[in-house]
Amino acid sequence: MNERIAQAFSLLPNYLAQHVLLSAAALALGVALSLPLAVLASRYARIRWPILAAASLVQTIPGLALLALFYPLLLGLSTLTKALVGVGVPALGFLPSLSALTLYSMLPILRNGVAGLTGLPPAILEAADGVGMTPRQRLFRVEAPLAAPMVMAGVRTAAVWTIGAATLSTAVGQTSLGNFIFSGLQTENWIFVLFGCAAAAALALTADQLLGLVEAGAARRDARRFGLGLAGLALGTAAALLPLFAAAGKTYAIGAKNFSEQFILSELISERLARAGVSVRHTDGLGSAVAFRALASGDIDCYVDYSGTLWTNVLERRDSPPREAMLAELSRELKERYGVTLLGALGFENAYALAMRADRAAALKTRTIADLAREAPQLKLGSDLEFLSRPEWAALRDAYGLRFGVERSFNPTFMYRALEGGEVDVISAFSSDGRIAAQKLVVLADPKHAIPAYDAVILLSPQRANDAVLKQALEPLLGAIPVERMREANFMVDRDADKASPQDAARFLANALRLPGS
C-alpha cells in the first residue's frame, strides 16, 4: 500500500471519531431546537416569517466565517464567566464548532417541519378536534405522525449539510476529517485532500441512507424499517466513537499555525511527548492571533510562535530592539500579562521577507526593498492570508513607501506557485522556507530594519507552566535547530517530487539533531 494512503488510514479512526461526535451532537441539538420552533411557527403566522428568515440568514453566512464568528463571542463569554465564577468557557475547538453547526443545521428541519404541519388536510384536524382531543393530544397523536416523513426529509438534508460543513471546523481548532484536507492543501499532499473528501462524502452518504430507512419507516408505518434505521445510526455512531474512549486520559493539546513549518514542529513536539508516554491532540491551522489567545486561555497547551509576531501583534510594539533584549522582554511581558511561559528559542529565525524570482529581480535591478519601492506601482504583490493585515506589513510599507499596483492573498503554498507562474512579482516569504532555494528566489535586503527578529520560540499555557513532563520533553529542542536544518525539513515537505509528510520531516529533524530519546 502507498505510504501516504497507509498514513491516512492510521489517522482516520481519531479524525472520524471527532467528526462523528461533532456532527451527531450538532444535528441532535439542531433537531431539539428546530422542532419546537417549527410547532410554534405553524401555530402562529406572525412569528413564522421571522423564525424562517433568521434561519435562512444563517445560511447566507459562509460556513468558515460562521465558525470563526463564534470564537470572539465565546472568548468574551469566557472572560465574563472567569470574572463571575472563576471558570472560563472553551473558546476554541468543540464548542464554537458545535454552536455554528447547530445553527447551520436548523433551516431544512424548520422549513420541512413547518411545511409538514401546515400542509395537513383540514378534515383530519377537524376530526381530531371533533373526538375531543386536546391540542397536545392532537399534536402528538395526529399531526406529528403525519408530518414525520417530511420532517425526516429535512433531517436528512441537515445531516448531509452538517457532516460536510464539519470539515471546516479544523480552522477553529476542532479535529475532524477536515484535518486531511487543510494539511493536504498546505503541503500539496493531494492523497490526503482526496482521502478527507472521500471519507466525509462516505460518512454523509451512510448517514443519509440510514436516516432514509427511518424516513421510509415513518412514512409507511413500518416499524421494522424504522427500527433498523435507528439501530444502524446508534451502532455506527458508537463504533465510530470507540477511539475516543481508548484515548481517554491525560492529553496535551499541541497547536500549529497554517503553514508547513508549523506542521513539522507540531509533529516534532508530539513525537517528543509520545516518547514520554503521554497522548497528544493536534490543533492545527490556526491564525496567529487565534493561536496565542487559545494558548493564553488554556485551549491549547503548547505551540511554536515567532518573537517578531509576538512583539508586534501581542505586545503591540513597533520598535526593533536587539534579539536578546527582545526575547528577555517578551518572556517577562507574556508571563506578567497572560501567564504564558516562553520556554526558550529553538535556534533558528523565520522572519517575514519580500522575495522575487532571481531572473525578475535581476531584470529590474532590485536587490533591496528600497530598490523595490521604485518599481512597486507596476508590480503585483502576493502575500499569505494574514500578512497584509499585520502590523509588520504596515511598518514595512510606511518605512519604504511601498505601493504595489495589485495586492493578492493566497494560501502559502499557492502563493509560491503564483510567483513561480508569474501571476505575482513579489511575495511575502518566510526566511526559513526551503522553497526559497528550490525555486531560486532572491530575498530582498531590509536596510532600514523595518521587520523585527523572528526567532522561533516554544510557548506554554498558564496551566502547563510548571509541567515537568512537558518541560523535560521539550527542553532538548531549545537552541538545537539551526536554520539550515529547518530549511531542509521544510524543503522535504514542499518540494515538487517525492514529497515527505510533516511526520517524516519531524523524524528527519529529530535524527539529524541527535535529540535524546530519538
# chains A, B, ... in the order shown; residues from 1 in each chain; ligands from 1

call {"tool": "select_by_dssp", "arguments": {"residues": "segment 251-350 of chain A", "states": "strand (DSSP E or B)", "output": "ChimeraX atom specification"}}
result
/A:251-257,279-286,302-306,341-349

call {"tool": "write_last_selection", "arguments": {"atoms": "N, CA and C atoms", "output": "PDB file, in the first residue's frame"}}
result
ATOM      1  N   THR A 251      -4.179  14.295  28.178  1.00  0.00           N
ATOM      2  CA  THR A 251      -3.824  14.586  26.796  1.00  0.00           C
ATOM      3  C   THR A 251      -3.308  16.014  26.696  1.00  0.00           C
ATOM      4  N   TYR A 252      -2.224  16.193  25.943  1.00  0.00           N
ATOM      5  CA  TYR A 252      -1.677  17.525  25.698  1.00  0.00           C
ATOM      6  C   TYR A 252      -2.161  18.013  24.336  1.00  0.00           C
ATOM      7  N   ALA A 253      -2.676  19.241  24.288  1.00  0.00           N
ATOM      8  CA  ALA A 253      -3.129  19.844  23.035  1.00  0.00           C
ATOM      9  C   ALA A 253      -1.997  20.682  22.454  1.00  0.00           C
ATOM     10  N   ILE A 254      -1.515  20.297  21.283  1.00  0.00           N
ATOM     11  CA  ILE A 254      -0.409  20.983  20.622  1.00  0.00           C
ATOM     12  C   ILE A 254      -0.955  21.783  19.446  1.00  0.00           C
ATOM     13  N   GLY A 255      -0.689  23.084  19.436  1.00  0.00           N
ATOM     14  CA  GLY A 255      -1.211  23.947  18.388  1.00  0.00           C
ATOM     15  C   GLY A 255      -0.228  24.122  17.244  1.00  0.00           C
ATOM     16  N   ALA A 256      -0.746  24.580  16.112  1.00  0.00           N
ATOM     17  CA  ALA A 256       0.091  24.887  14.947  1.00  0.00           C
ATOM     18  C   ALA A 256      -0.636  25.897  14.081  1.00  0.00           C
ATOM     19  N   LYS A 257       0.115  26.793  13.475  1.00  0.00           N
ATOM     20  CA  LYS A 257      -0.460  27.728  12.515  1.00  0.00           C
ATOM     21  C   LYS A 257      -0.611  27.027  11.166  1.00  0.00           C
ATOM     22  N   SER A 279      -0.385  11.123  25.707  1.00  0.00           N
ATOM     23  CA  SER A 279      -1.109  11.258  24.448  1.00  0.00           C
ATOM     24  C   SER A 279      -1.204  12.721  24.046  1.00  0.00           C
ATOM     25  N   VAL A 280      -1.376  12.936  22.759  1.00  0.00           N
ATOM     26  CA  VAL A 280      -1.329  14.282  22.187  1.00  0.00           C
ATOM     27  C   VAL A 280      -2.531  14.492  21.285  1.00  0.00           C
ATOM     28  N   ARG A 281      -3.057  15.688  21.317  1.00  0.00           N
ATOM     29  CA  ARG A 281      -4.134  16.084  20.408  1.00  0.00           C
ATOM     30  C   ARG A 281      -3.651  17.290  19.612  1.00  0.00           C
ATOM     31  N   HIS A 282      -3.809  17.221  18.285  1.00  0.00           N
ATOM     32  CA  HIS A 282      -3.343  18.312  17.424  1.00  0.00           C
ATOM     33  C   HIS A 282      -4.457  19.334  17.196  1.00  0.00           C
ATOM     34  N   THR A 283      -4.086  20.604  17.256  1.00  0.00           N
ATOM     35  CA  THR A 283      -4.986  21.695  16.906  1.00  0.00           C
ATOM     36  C   THR A 283      -4.252  22.535  15.866  1.00  0.00           C
ATOM     37  N   ASP A 284      -4.454  22.184  14.603  1.00  0.00           N
ATOM     38  CA  ASP A 284      -3.662  22.763  13.513  1.00  0.00           C
ATOM     39  C   ASP A 284      -4.447  23.814  12.735  1.00  0.00           C
ATOM     40  N   GLY A 285      -3.703  24.600  11.952  1.00  0.00           N
ATOM     41  CA  GLY A 285      -4.316  25.532  11.015  1.00  0.00           C
ATOM     42  C   GLY A 285      -4.822  26.813  11.641  1.00  0.00           C
ATOM     43  N   LEU A 286      -4.255  27.249  12.776  1.00  0.00           N
ATOM     44  CA  LEU A 286      -4.738  28.428  13.483  1.00  0.00           C
ATOM     45  C   LEU A 286      -4.073  29.700  12.953  1.00  0.00           C
ATOM     46  N   CYS A 302       0.552  24.076  24.198  1.00  0.00           N
ATOM     47  CA  CYS A 302       1.893  24.407  23.731  1.00  0.00           C
ATOM     48  C   CYS A 302       1.854  24.632  22.226  1.00  0.00           C
ATOM     49  N   TYR A 303       2.667  25.567  21.753  1.00  0.00           N
ATOM     50  CA  TYR A 303       2.877  25.708  20.308  1.00  0.00           C
ATOM     51  C   TYR A 303       4.116  26.565  20.074  1.00  0.00           C
ATOM     52  N   VAL A 304       4.570  26.609  18.840  1.00  0.00           N
ATOM     53  CA  VAL A 304       5.728  27.408  18.461  1.00  0.00           C
ATOM     54  C   VAL A 304       5.245  28.699  17.806  1.00  0.00           C
ATOM     55  N   ASP A 305       5.747  29.824  18.313  1.00  0.00           N
ATOM     56  CA  ASP A 305       5.449  31.111  17.685  1.00  0.00           C
ATOM     57  C   ASP A 305       6.780  31.791  17.367  1.00  0.00           C
ATOM     58  N   TYR A 306       6.711  33.039  16.912  1.00  0.00           N
ATOM     59  CA  TYR A 306       7.903  33.752  16.483  1.00  0.00           C
ATOM     60  C   TYR A 306       7.976  35.091  17.209  1.00  0.00           C
ATOM     61  N   THR A 341       4.251  31.112  29.420  1.00  0.00           N
ATOM     62  CA  THR A 341       5.680  30.882  29.622  1.00  0.00           C
ATOM     63  C   THR A 341       6.398  30.765  28.284  1.00  0.00           C
ATOM     64  N   LEU A 342       7.432  31.580  28.093  1.00  0.00           N
ATOM     65  CA  LEU A 342       8.297  31.444  26.926  1.00  0.00           C
ATOM     66  C   LEU A 342       9.418  30.501  27.356  1.00  0.00           C
ATOM     67  N   LEU A 343       9.316  29.244  26.930  1.00  0.00           N
ATOM     68  CA  LEU A 343      10.268  28.231  27.376  1.00  0.00           C
ATOM     69  C   LEU A 343      11.671  28.494  26.841  1.00  0.00           C
ATOM     70  N   GLY A 344      11.756  29.000  25.609  1.00  0.00           N
ATOM     71  CA  GLY A 344      13.058  29.296  25.019  1.00  0.00           C
ATOM     72  C   GLY A 344      12.988  29.276  23.506  1.00  0.00           C
ATOM     73  N   ALA A 345      14.086  29.687  22.863  1.00  0.00           N
ATOM     74  CA  ALA A 345      14.169  29.731  21.399  1.00  0.00           C
ATOM     75  C   ALA A 345      14.715  28.422  20.861  1.00  0.00           C
ATOM     76  N   LEU A 346      14.227  28.034  19.684  1.00  0.00           N
ATOM     77  CA  LEU A 346      14.636  26.764  19.076  1.00  0.00           C
ATOM     78  C   LEU A 346      15.993  26.854  18.374  1.00  0.00           C
ATOM     79  N   GLY A 347      16.443  28.067  18.067  1.00  0.00           N
ATOM     80  CA  GLY A 347      17.761  28.199  17.457  1.00  0.00           C
ATOM     81  C   GLY A 347      17.751  28.736  16.043  1.00  0.00           C
ATOM     82  N   PHE A 348      16.591  28.936  15.450  1.00  0.00           N
ATOM     83  CA  PHE A 348      16.550  29.487  14.093  1.00  0.00           C
ATOM     84  C   PHE A 348      15.539  30.620  14.048  1.00  0.00           C
ATOM     85  N   GLU A 349      15.650  31.421  12.996  1.00  0.00           N
ATOM     86  CA  GLU A 349      14.751  32.545  12.788  1.00  0.00           C
ATOM     87  C   GLU A 349      13.925  32.300  11.532  1.00  0.00           C
TER      88      GLU A 349
END

call {"tool": "residues_around", "arguments": {"residues": "Pro243 of chain A", "least_positions_apart": "3", "cutoff": "12 Å", "atoms": "only C-alpha atoms", "output": "VMD selection string"}}
result
chain A and resid 10 to 21 237 to 240 246 to 248

call {"tool": "select_by_dssp", "arguments": {"residues": "segment 109-281 of chain A", "states": "alpha helix (DSSP H)", "output": "ChimeraX atom specification"}}
result
/A:109-118,122-130,135-138,144-165,178-187,190-220,223-246,260-275

call {"tool": "closest_residue", "arguments": {"among": "A:Ile109, A:Leu310, A:Ala351, A:Val160", "to": "Ala147 of chain A", "atoms": "only C-alpha atoms"}}
result
A:Ile109

call {"tool": "residues_around", "arguments": {"residues": "Gly113 of chain A", "least_positions_apart": "2", "cutoff": "7 Å", "atoms": "only C-alpha atoms", "output": "ChimeraX atom specification"}}
result
/A:35,38,109-111,115-117,150-151

call {"tool": "residues_around", "arguments": {"residues": "Leu509 of chain A", "least_positions_apart": "2", "cutoff": "10 Å", "atoms": "only C-alpha atoms", "output": "list of chain:residue names"}}
result
A:Ile264, A:Leu265, A:Leu268, A:Ala480, A:Ile481, A:Arg485, A:Met486, A:Glu488, A:Ala489, A:Gln503, A:Asp504, A:Ala505, A:Ala506, A:Arg507, A:Asn511, A:Ala512, A:Leu513, A:Arg514, A:Leu515, A:Ser518

call {"tool": "write_last_selection", "arguments": {"atoms": "C-alpha atoms", "output": "tab-separated table (two decimals), in the first residue's frame"}}
result
chain	number	residue	atom	x	y	z
A	264	ILE	CA	6.55	19.89	11.14
A	265	LEU	CA	7.31	21.50	14.51
A	268	LEU	CA	8.29	17.11	16.39
A	480	ALA	CA	19.12	22.80	18.83
A	481	ILE	CA	17.62	23.60	15.40
A	485	ARG	CA	18.20	22.06	9.16
A	486	MET	CA	14.80	23.73	9.29
A	488	GLU	CA	15.94	21.06	4.77
A	489	ALA	CA	12.91	19.80	6.70
A	503	GLN	CA	5.78	13.44	10.28
A	504	ASP	CA	8.67	12.31	8.05
A	505	ALA	CA	10.25	15.76	8.22
A	506	ALA	CA	9.88	15.80	12.02
A	507	ARG	CA	11.63	12.42	12.26
A	511	ASN	CA	17.52	12.16	13.87
A	512	ALA	CA	19.66	14.91	12.32
A	513	LEU	CA	19.82	16.78	15.61
A	514	ARG	CA	20.52	13.59	17.60
A	515	LEU	CA	17.97	14.56	20.21
A	518	SER	CA	15.12	9.87	19.26

call {"tool": "residues_around", "arguments": {"residues": "Arg487 of chain A", "least_positions_apart": "5", "cutoff": "6 Å", "atoms": "only C-alpha atoms", "output": "NGL selection string"}}
result
:A and (432-434)

call {"tool": "closest_residue", "arguments": {"among": "A:Leu233, A:Leu474, A:Val457, A:Met415", "to": "Leu330 of chain A", "atoms": "only C-alpha atoms"}}
result
A:Val457

call {"tool": "atom_distance", "arguments": {"atom1": "atom CA of Thr60 of chain A", "atom2": "atom CA of Ala153 of chain A"}}
result
21.4 Å

call {"tool": "closest_residue", "arguments": {"among": "A:Pro72, A:Ala24, A:Gly93, A:Met106", "to": "Leu52 of chain A", "atoms": "only C-alpha atoms"}}
result
A:Met106

call {"tool": "closest_atom_pairs", "arguments": {"of": "segment 296-317 of chain A", "to": "segment 384-403 of chain A", "cutoff": "9 Å", "atoms": "only C-alpha atoms", "output": "tab-separated table"}}
result
residue	atom	partner	partner_atom	distance
A:Gly308	CA	A:Glu392	CA	8.5
A:Thr309	CA	A:Glu392	CA	8.2
A:Thr312	CA	A:Pro391	CA	6.4
A:Asn313	CA	A:Pro391	CA	7.0
A:Glu316	CA	A:Pro391	CA	8.3

call {"tool": "residues_around", "arguments": {"residues": "Asn350 of chain A", "least_positions_apart": "3", "cutoff": "6 Å", "atoms": "only C-alpha atoms", "output": "PyMOL selection string"}}
result
chain A and resi 430-432+454

call {"tool": "decode", "arguments": {"residues": "segment 134-161 of chain A", "atoms": "C-alpha atoms", "output": "PDB file, in the first residue's frame"}}
result
ATOM      1  CA  THR A 134     -56.674  18.417  23.419  1.00  0.00           C
ATOM      2  CA  PRO A 135     -54.166  20.467  21.378  1.00  0.00           C
ATOM      3  CA  ARG A 136     -51.362  18.438  22.958  1.00  0.00           C
ATOM      4  CA  GLN A 137     -53.016  15.121  22.099  1.00  0.00           C
ATOM      5  CA  ARG A 138     -53.718  16.292  18.558  1.00  0.00           C
ATOM      6  CA  LEU A 139     -50.081  17.288  18.078  1.00  0.00           C
ATOM      7  CA  PHE A 140     -48.543  14.050  19.302  1.00  0.00           C
ATOM      8  CA  ARG A 141     -51.168  11.552  18.109  1.00  0.00           C
ATOM      9  CA  VAL A 142     -52.168  13.059  14.759  1.00  0.00           C
ATOM     10  CA  GLU A 143     -50.009  15.913  13.469  1.00  0.00           C
ATOM     11  CA  ALA A 144     -46.562  14.652  14.433  1.00  0.00           C
ATOM     12  CA  PRO A 145     -47.003  11.134  12.934  1.00  0.00           C
ATOM     13  CA  LEU A 146     -48.396  12.579   9.701  1.00  0.00           C
ATOM     14  CA  ALA A 147     -45.689  15.253   9.387  1.00  0.00           C
ATOM     15  CA  ALA A 148     -42.867  12.870  10.397  1.00  0.00           C
ATOM     16  CA  PRO A 149     -41.866  11.825   6.838  1.00  0.00           C
ATOM     17  CA  MET A 150     -41.416  15.438   5.755  1.00  0.00           C
ATOM     18  CA  VAL A 151     -39.569  16.307   8.961  1.00  0.00           C
ATOM     19  CA  MET A 152     -37.238  13.340   8.432  1.00  0.00           C
ATOM     20  CA  ALA A 153     -36.534  14.536   4.893  1.00  0.00           C
ATOM     21  CA  GLY A 154     -35.385  17.815   6.439  1.00  0.00           C
ATOM     22  CA  VAL A 155     -33.260  15.966   8.977  1.00  0.00           C
ATOM     23  CA  ARG A 156     -31.582  14.033   6.148  1.00  0.00           C
ATOM     24  CA  THR A 157     -30.700  17.263   4.356  1.00  0.00           C
ATOM     25  CA  ALA A 158     -29.439  18.791   7.596  1.00  0.00           C
ATOM     26  CA  ALA A 159     -27.282  15.721   8.292  1.00  0.00           C
ATOM     27  CA  VAL A 160     -25.554  15.951   4.911  1.00  0.00           C
ATOM     28  CA  TRP A 161     -25.003  19.698   5.310  1.00  0.00           C
TER      29      TRP A 161
END
